[in-house]
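One file, data.tsv, is given below (TSV, C-alpha atoms).
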chain	number	residue	atom	x	y	z
A	1	MET	CA	-18.85	9.65	27.02
A	2	LEU	CA	-17.81	6.38	25.36
A	3	LYS	CA	-14.59	6.72	23.44
A	4	THR	CA	-14.55	5.72	19.78
A	5	LEU	CA	-13.04	2.29	19.28
A	6	ILE	CA	-11.19	1.65	16.04
A	7	LEU	CA	-10.13	-1.80	14.92
A	8	GLY	CA	-6.97	-1.31	12.92
A	9	SER	CA	-7.43	-4.30	10.66
A	10	SER	CA	-9.03	-5.40	7.41
A	11	SER	CA	-9.38	-8.97	8.69
A	12	PRO	CA	-12.96	-10.27	8.69
A	13	TYR	CA	-11.92	-12.74	11.40
A	14	ARG	CA	-10.77	-10.02	13.80
A	15	LYS	CA	-13.88	-7.97	13.01
A	16	ALA	CA	-16.13	-10.92	13.87
A	17	LEU	CA	-14.25	-11.50	17.12
A	18	LEU	CA	-14.48	-7.86	18.25
A	19	GLU	CA	-18.21	-7.85	17.51
A	20	ARG	CA	-18.60	-10.44	20.27
A	21	LEU	CA	-17.83	-7.74	22.88
A	22	LYS	CA	-20.96	-5.80	21.82
A	23	ILE	CA	-19.10	-2.47	21.81
A	24	PRO	CA	-19.55	-0.18	18.78
A	25	PHE	CA	-16.39	0.20	16.72
A	26	GLU	CA	-15.07	1.36	13.37
A	27	CYS	CA	-12.64	-0.43	11.08
A	28	HIS	CA	-9.61	1.19	9.54
A	29	SER	CA	-7.03	-0.81	7.64
A	30	PRO	CA	-3.41	0.12	8.44
A	31	ASN	CA	-1.06	0.54	5.51
A	32	ILE	CA	2.36	-0.65	6.62
A	33	ASP	CA	5.17	-2.84	5.36
A	34	GLU	CA	4.98	-6.12	7.29
A	35	THR	CA	8.29	-7.53	6.06
A	36	PRO	CA	10.38	-8.92	8.94
A	37	LEU	CA	13.65	-7.15	9.63
A	38	PRO	CA	16.92	-9.10	9.22
A	39	GLN	CA	17.43	-11.46	12.18
A	40	GLU	CA	14.18	-10.21	13.79
A	41	SER	CA	12.65	-12.71	16.20
A	42	ALA	CA	8.97	-13.65	16.08
A	43	VAL	CA	8.39	-12.00	19.47
A	44	ASP	CA	9.96	-8.74	18.30
A	45	LEU	CA	8.18	-8.87	14.93
A	46	VAL	CA	4.63	-9.12	16.29
A	47	LYS	CA	5.31	-6.38	18.83
A	48	ARG	CA	6.81	-4.01	16.27
A	49	LEU	CA	4.01	-4.57	13.75
A	50	SER	CA	1.17	-4.36	16.28
A	51	ILE	CA	2.43	-1.00	17.52
A	52	ALA	CA	3.27	0.25	14.01
A	53	LYS	CA	-0.25	-0.57	12.83
A	54	ALA	CA	-1.74	1.46	15.68
A	55	HIS	CA	0.45	4.49	14.93
A	56	ALA	CA	-0.32	4.22	11.20
A	57	VAL	CA	-4.09	4.20	11.81
A	58	GLY	CA	-3.79	7.12	14.22
A	59	LEU	CA	-1.78	9.12	11.69
A	60	GLU	CA	-4.27	8.43	8.90
A	61	ARG	CA	-7.16	9.51	11.12
A	62	GLN	CA	-5.29	12.67	12.04
A	63	LYS	CA	-4.61	13.48	8.38
A	64	SER	CA	-8.29	13.08	7.51
A	65	ASN	CA	-9.29	15.34	10.42
A	66	GLN	CA	-11.14	12.60	12.26
A	67	GLU	CA	-11.50	12.89	16.03
A	68	SER	CA	-8.24	12.36	17.90
A	69	ASP	CA	-9.70	10.79	21.05
A	70	GLY	CA	-10.09	7.27	19.69
A	71	ILE	CA	-8.87	3.99	21.10
A	72	ILE	CA	-7.13	2.00	18.37
A	73	ILE	CA	-6.93	-1.79	18.63
A	74	THR	CA	-4.35	-3.58	16.50
A	75	SER	CA	-2.92	-7.06	16.39
A	76	ASP	CA	-0.35	-9.09	14.52
A	77	GLN	CA	0.21	-12.82	14.41
A	78	VAL	CA	2.83	-15.26	13.19
A	79	ALA	CA	3.13	-19.02	13.28
A	80	VAL	CA	6.44	-20.50	14.40
A	81	LEU	CA	7.80	-23.99	13.74
A	82	ASN	CA	11.32	-24.91	14.85
A	83	ASP	CA	12.10	-21.21	15.43
A	84	LYS	CA	11.14	-20.38	11.84
A	85	ILE	CA	8.52	-17.68	11.19
A	86	LEU	CA	5.75	-18.85	8.88
A	87	GLY	CA	3.55	-16.43	6.98
A	88	LYS	CA	0.18	-16.70	5.26
A	89	PRO	CA	0.24	-19.24	2.41
A	90	HIS	CA	-1.67	-17.17	-0.21
A	91	THR	CA	-1.84	-20.18	-2.57
A	92	GLU	CA	-3.24	-23.70	-2.26
A	93	GLU	CA	0.16	-25.18	-3.05
A	94	ASN	CA	1.82	-23.25	-0.23
A	95	ALA	CA	-1.00	-24.13	2.19
A	96	ILE	CA	-0.61	-27.83	1.44
A	97	LYS	CA	3.16	-27.64	1.93
A	98	GLN	CA	2.76	-25.73	5.18
A	99	LEU	CA	0.25	-28.16	6.66
A	100	ALA	CA	2.34	-31.14	5.53
A	101	SER	CA	5.29	-29.69	7.46
A	102	PHE	CA	3.06	-29.43	10.57
A	103	SER	CA	2.06	-33.10	10.57
A	104	GLY	CA	2.73	-34.66	13.99
A	105	LYS	CA	4.36	-31.47	15.31
A	106	LYS	CA	3.66	-28.59	17.68
A	107	VAL	CA	3.26	-25.17	16.09
A	108	SER	CA	3.32	-22.01	18.19
A	109	PHE	CA	1.23	-18.96	17.33
A	110	LEU	CA	2.36	-15.60	18.67
A	111	THR	CA	-0.23	-12.85	18.68
A	112	GLY	CA	0.71	-9.31	19.60
A	113	LEU	CA	-2.06	-6.99	20.81
A	114	CYS	CA	-1.83	-3.20	21.06
A	115	VAL	CA	-4.39	-0.81	22.53
A	116	PHE	CA	-3.41	2.74	21.61
A	117	SER	CA	-4.91	5.94	23.03
A	118	GLN	CA	-4.81	8.70	20.45
A	119	LYS	CA	-5.37	11.46	22.99
A	120	GLU	CA	-2.66	10.34	25.40
A	121	GLN	CA	-0.38	8.98	22.65
A	122	THR	CA	0.28	5.96	24.84
A	123	TYR	CA	-0.17	2.28	24.24
A	124	GLN	CA	-0.63	-0.96	26.15
A	125	TYR	CA	0.85	-4.09	24.66
A	126	THR	CA	0.58	-7.78	25.42
A	127	LEU	CA	1.82	-10.96	23.79
A	128	ASN	CA	-0.32	-14.09	23.61
A	129	GLU	CA	1.18	-17.48	22.87
A	130	TYR	CA	-0.91	-20.44	21.77
A	131	HIS	CA	0.22	-23.92	20.78
A	132	VAL	CA	-1.39	-26.34	18.36
A	133	HIS	CA	-0.38	-29.99	18.29
A	134	PHE	CA	-1.13	-31.43	14.87
A	135	ARG	CA	-1.99	-35.09	14.49
A	136	GLN	CA	-0.33	-37.19	11.81
A	137	LEU	CA	-1.85	-35.93	8.56
A	138	THR	CA	-2.00	-37.54	5.13
A	139	ILE	CA	-1.54	-35.54	1.95
A	140	LYS	CA	-5.05	-36.64	0.93
A	141	GLU	CA	-6.53	-35.15	4.11
A	142	ILE	CA	-4.52	-31.95	3.77
A	143	THR	CA	-5.42	-31.46	0.11
A	144	LYS	CA	-9.11	-32.04	0.76
A	145	TYR	CA	-9.09	-29.69	3.72
A	146	VAL	CA	-7.40	-26.88	1.79
A	147	SER	CA	-9.80	-27.38	-1.12
A	148	ILE	CA	-12.85	-27.17	1.13
A	149	GLU	CA	-11.92	-24.31	3.45
A	150	GLN	CA	-9.43	-22.28	1.37
A	151	PRO	CA	-7.43	-20.98	4.37
A	152	LEU	CA	-5.11	-18.98	2.12
A	153	ASP	CA	-5.19	-15.77	4.16
A	154	CYS	CA	-4.63	-17.47	7.50
A	155	ALA	CA	-1.31	-17.82	9.32
A	156	GLY	CA	-0.81	-21.56	9.64
A	157	SER	CA	-3.07	-22.44	6.69
A	158	PHE	CA	-6.12	-23.40	8.74
A	159	LYS	CA	-9.26	-22.02	10.36
A	160	CYS	CA	-9.59	-23.41	13.87
A	161	GLU	CA	-13.13	-22.01	14.12
A	162	GLY	CA	-14.07	-24.20	11.15
A	163	LEU	CA	-13.02	-27.55	9.71
A	164	GLY	CA	-9.41	-26.90	10.67
A	165	ILE	CA	-10.17	-28.24	14.15
A	166	CYS	CA	-10.11	-31.73	12.60
A	167	LEU	CA	-6.36	-31.38	11.98
A	168	PHE	CA	-5.43	-31.14	15.65
A	169	GLU	CA	-4.38	-33.54	18.38
A	170	LYS	CA	-4.76	-30.88	21.06
A	171	MET	CA	-4.53	-27.15	21.73
A	172	GLU	CA	-2.76	-25.30	24.55
A	173	GLY	CA	-3.09	-21.70	25.66
A	174	ASN	CA	-5.04	-19.16	27.66
A	175	ASP	CA	-7.32	-17.81	24.95
A	176	PRO	CA	-8.36	-19.75	21.81
A	177	ASN	CA	-9.46	-16.46	20.24
A	178	SER	CA	-5.80	-15.50	19.94
A	179	LEU	CA	-5.45	-18.33	17.45
A	180	ILE	CA	-8.01	-16.59	15.21
A	181	GLY	CA	-6.14	-13.30	15.52
A	182	LEU	CA	-7.56	-11.25	18.40
A	183	PRO	CA	-7.11	-12.37	22.03
A	184	LEU	CA	-10.37	-11.21	23.59
A	185	ILE	CA	-9.45	-12.04	27.20
A	186	SER	CA	-6.36	-9.82	27.05
A	187	LEU	CA	-8.24	-7.18	25.06
A	188	SER	CA	-11.04	-7.00	27.62
A	189	HIS	CA	-8.45	-6.60	30.37
A	190	LEU	CA	-6.62	-3.79	28.56
A	191	LEU	CA	-9.87	-1.99	27.74
A	192	ARG	CA	-11.05	-2.17	31.36
A	193	LYS	CA	-7.81	-0.48	32.44
A	194	ILE	CA	-8.82	2.59	30.42
A	195	GLY	CA	-12.44	2.55	31.51
A	196	VAL	CA	-14.02	0.66	28.62
A	197	SER	CA	-16.08	-2.41	29.47
A	198	PRO	CA	-18.96	-4.09	27.64
A	199	ILE	CA	-20.61	-5.19	30.89
A	200	ASP	CA	-19.86	-2.26	33.21

Represent the structure from my file as structure tokens, please.
Amino acid sequence: MLKTLILGSSSPYRKALLERLKIPFECHSPNIDETPLPQESAVDLVKRLSIAKAHAVGLERQKSNQESDGIIITSDQVAVLNDKILGKPHTEENAIKQLASFSGKKVSFLTGLCVFSQKEQTYQYTLNEYHVHFRQLTIKEITKYVSIEQPLDCAGSFKCEGLGICLFEKMEGNDPNSLIGLPLISLSHLLRKIGVSPID
């Protein structure tokens, strides 16, 4: 019997990515505080939040008497420039400032991925790192880009699956999907380890 998959996210980008695996799933938005702890590193932050999201979704499902044999998939991502954690811009002004600070530089994106088994109360975790080298950008280009694509809910203030690709010099990493928020190569590997495969 196929276990119920639950995507613990309200992100339409992660939902669209998971749909590519052609496995039925439900969505459940975790309700947690995502504020970094004092002196918390980016690596520790994405791990803590990915796992916390999974536990929060599991607890909510338990409280609402939903089945407790689900597989919960959660993820968290941050952008890092010069060891500084960068969040989502939320406003056009912040997005423009963020992209201007990226001009001609390499920005690292850390994406934590957790696959949590409700029945076993165990989780698998992996960290994906992806690097984006930005070309030299003008304020005119940045402003026009932000106006067109409105990447206000995206870490890094761009959508690499859209017009944001025009901002880059090159990209480095194992899975470009991790840049959008859900590393499908790692996810497929973790799901296969617990007997879930879209092509088995």

Item to check | Close residues, Cys27 in chain A itself excluded, 10 Å, all atoms listed in the file, min 4 positions apart in chain, as an MDAnalysis selection string | outcome: chainID A and resid 5:11 15 57 72:73

Checklist entry - Could you pull the residues within 7 Å of Ala155 in chain A, counting all atoms listed in the file, minus those fewer than 5 positions along the same chain, as a list in words? => result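 Everything that qualifies: Val78, Ala79, Gly87 and Lys88 of chain A.
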
Checklist entry - With only C-alpha atoms as the basis for distance, which of A:Leu86, A:Gly162, A:Ala16, A:Val115 is at the shortest distance from Thr35 in chain A? => result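 The closest residue to Thr35 in chain A is A:Leu86.
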
Item to check | Residue among A:Ala95, A:Ala56, A:Leu113, A:Leu191 lying closest to Asp76 in chain A, counting all atoms listed in the file | outcome: A:Leu113

Checklist entry - Looking at all atoms listed in the file, which of A:Ile71, A:Leu59, A:Leu167, A:Leu152 is the one that sits closest to Phe102 in chain A? => result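 For Phe102 in chain A, the nearest of the candidates is A:Leu167.
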
Checklist entry - Within 7 Å of Glu129 in chain A, counting only C-alpha atoms, which residues qualify if same-chain residues fewer than 2 places away don't, as a list in words? => result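 Result of the neighbour search: Ser108, Phe109, Leu110, Thr111, Leu127, His131 and Gly173 of chain A.
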
Checklist entry - In terms of the shortest atom-to-atom distance over only C-alpha atoms, which of A:Lys119, A:Lys159, A:Ile96, A:Ser178 is closest to Ile142 in chain A? => result A:Ile96

Considering only C-alpha atoms, give me a table of residues in range 7-126 of chain A that are at most 7 Å from range 182-189 of chain A, with the closest atom pair and distance in Å for each, as a tab-separated table.
residue	atom	partner	partner_atom	distance
A:Arg14	CA	A:Leu182	CA	5.7
A:Leu17	CA	A:Leu182	CA	6.8
A:Ser75	CA	A:Leu182	CA	6.6

Go ahead and write the selection's residues with C-alpha atoms as a compact mmCIF listing (two decimals), in the frame of the given file.
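Contents of the output file out20.txt:
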# COMPACT_ATOMS: atom_id res chain seq x y z
CA ARG A 14 -10.77 -10.02 13.80
CA LEU A 17 -14.25 -11.50 17.12
CA SER A 75 -2.92 -7.06 16.39

Item to check | Counting all atoms listed in the file, the residue of A:Asn128, A:Asp153, A:Thr74, A:Arg61 that sits nearest Leu18 in chain A | outcome: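 Of A:Asn128, A:Asp153, A:Thr74, A:Arg61, the one nearest Leu18 in chain A, counting all atoms listed in the file, is A:Thr74.
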
Item to check | Of the listed residues A:Cys114, A:Leu137, A:Val80, A:Met171, that which approaches Leu49 in chain A most closely, counting only C-alpha atoms | outcome: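 Of the candidates, the smallest distance to Leu49 in chain A is held by A:Cys114.
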
Would you compute an axis-aligned box for range 58-68 of chain A, covering every atom listed for it in the file with 5 Å of margin on each side, and report centre and edge lengths in Å to one decimal as JSON?
{"center_x": -6.6, "center_y": 11.2, "center_z": 12.7, "size_x": 19.7, "size_y": 18.2, "size_z": 20.4}

Item to check | Point-to-point distance from CA of Lys47 in chain A to CA of Pro30 in chain A, Å rounded to tenths | outcome: 15.0 Å

Checklist entry - For the point (12.6, -20.7, 16.5) in file coordinates, what residues are within 10 Å, counting all atoms listed in the file? Give the answer as a PyMOL selection string? => result chain A and resi 41-42+80-85+108

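Rounded to one decimal, CA of Gln62 in chain A and CA of Ser50 in chain A lie 18.7 Å from each other.
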
Checklist entry - Could you pull the residues within 8 Å of Glu92 in chain A, counting all atoms listed in the file, minus those fewer than 6 positions along the same chain, as a ChimeraX atom specification? => result /A:146-147,150,152

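Between CA of Asp44 in chain A and CA of Ser68 in chain A there is a distance of 27.9 Å.
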
As an mmCIF file, in the coordinates of the input, the rebuilt range 97-119 of chain A with N, CA and C atoms:
data_model
loop_
_atom_site.group_PDB
_atom_site.id
_atom_site.type_symbol
_atom_site.label_atom_id
_atom_site.label_comp_id
_atom_site.auth_asym_id
_atom_site.auth_seq_id
_atom_site.Cartn_x
_atom_site.Cartn_y
_atom_site.Cartn_z
ATOM 1 N N LYS A 97 1.786 -27.432 1.464
ATOM 2 C CA LYS A 97 3.160 -27.640 1.930
ATOM 3 C C LYS A 97 3.295 -27.284 3.409
ATOM 4 N N GLN A 98 2.671 -26.185 3.796
ATOM 5 C CA GLN A 98 2.760 -25.730 5.180
ATOM 6 C C GLN A 98 2.129 -26.747 6.124
ATOM 7 N N LEU A 99 0.930 -27.190 5.795
ATOM 8 C CA LEU A 99 0.250 -28.160 6.660
ATOM 9 C C LEU A 99 0.990 -29.492 6.687
ATOM 10 N N ALA A 100 1.564 -29.891 5.569
ATOM 11 C CA ALA A 100 2.340 -31.140 5.530
ATOM 12 C C ALA A 100 3.538 -31.046 6.475
ATOM 13 N N SER A 101 4.136 -29.866 6.575
ATOM 14 C CA SER A 101 5.290 -29.690 7.460
ATOM 15 C C SER A 101 4.873 -29.687 8.935
ATOM 16 N N PHE A 102 3.571 -29.455 9.204
ATOM 17 C CA PHE A 102 3.060 -29.430 10.570
ATOM 18 C C PHE A 102 2.707 -30.826 11.085
ATOM 19 N N SER A 103 2.569 -31.780 10.201
ATOM 20 C CA SER A 103 2.060 -33.100 10.570
ATOM 21 C C SER A 103 2.851 -33.711 11.743
ATOM 22 N N GLY A 104 2.131 -34.047 12.818
ATOM 23 C CA GLY A 104 2.730 -34.660 13.990
ATOM 24 C C GLY A 104 3.576 -33.731 14.841
ATOM 25 N N LYS A 105 3.493 -32.413 14.598
ATOM 26 C CA LYS A 105 4.360 -31.470 15.310
ATOM 27 C C LYS A 105 3.546 -30.412 16.072
ATOM 28 N N LYS A 106 4.260 -29.702 16.948
ATOM 29 C CA LYS A 106 3.660 -28.590 17.680
ATOM 30 C C LYS A 106 4.044 -27.279 16.999
ATOM 31 N N VAL A 107 3.037 -26.484 16.699
ATOM 32 C CA VAL A 107 3.260 -25.170 16.090
ATOM 33 C C VAL A 107 2.807 -24.106 17.077
ATOM 34 N N SER A 108 3.643 -23.108 17.276
ATOM 35 C CA SER A 108 3.320 -22.010 18.190
ATOM 36 C C SER A 108 2.809 -20.805 17.410
ATOM 37 N N PHE A 109 1.787 -20.167 17.949
ATOM 38 C CA PHE A 109 1.230 -18.960 17.330
ATOM 39 C C PHE A 109 1.400 -17.807 18.302
ATOM 40 N N LEU A 110 2.119 -16.786 17.853
ATOM 41 C CA LEU A 110 2.360 -15.600 18.670
ATOM 42 C C LEU A 110 1.480 -14.473 18.157
ATOM 43 N N THR A 111 0.683 -13.919 19.061
ATOM 44 C CA THR A 111 -0.230 -12.850 18.680
ATOM 45 C C THR A 111 0.037 -11.629 19.546
ATOM 46 N N GLY A 112 0.493 -10.565 18.907
ATOM 47 C CA GLY A 112 0.710 -9.310 19.600
ATOM 48 C C GLY A 112 -0.566 -8.485 19.590
ATOM 49 N N LEU A 113 -0.854 -7.816 20.686
ATOM 50 C CA LEU A 113 -2.060 -6.990 20.810
ATOM 51 C C LEU A 113 -1.675 -5.620 21.347
ATOM 52 N N CYS A 114 -2.106 -4.582 20.650
ATOM 53 C CA CYS A 114 -1.830 -3.200 21.060
ATOM 54 C C CYS A 114 -3.134 -2.435 21.206
ATOM 55 N N VAL A 115 -3.268 -1.723 22.322
ATOM 56 C CA VAL A 115 -4.390 -0.810 22.530
ATOM 57 C C VAL A 115 -3.794 0.587 22.697
ATOM 58 N N PHE A 116 -4.071 1.425 21.716
ATOM 59 C CA PHE A 116 -3.410 2.740 21.610
ATOM 60 C C PHE A 116 -4.407 3.869 21.837
ATOM 61 N N SER A 117 -4.077 4.776 22.769
ATOM 62 C CA SER A 117 -4.910 5.940 23.030
ATOM 63 C C SER A 117 -4.394 7.118 22.217
ATOM 64 N N GLN A 118 -5.229 7.587 21.286
ATOM 65 C CA GLN A 118 -4.810 8.700 20.450
ATOM 66 C C GLN A 118 -4.583 9.974 21.267
ATOM 67 N N LYS A 119 -5.462 10.227 22.214
ATOM 68 C CA LYS A 119 -5.370 11.460 22.990
ATOM 69 C C LYS A 119 -4.110 11.493 23.832
#
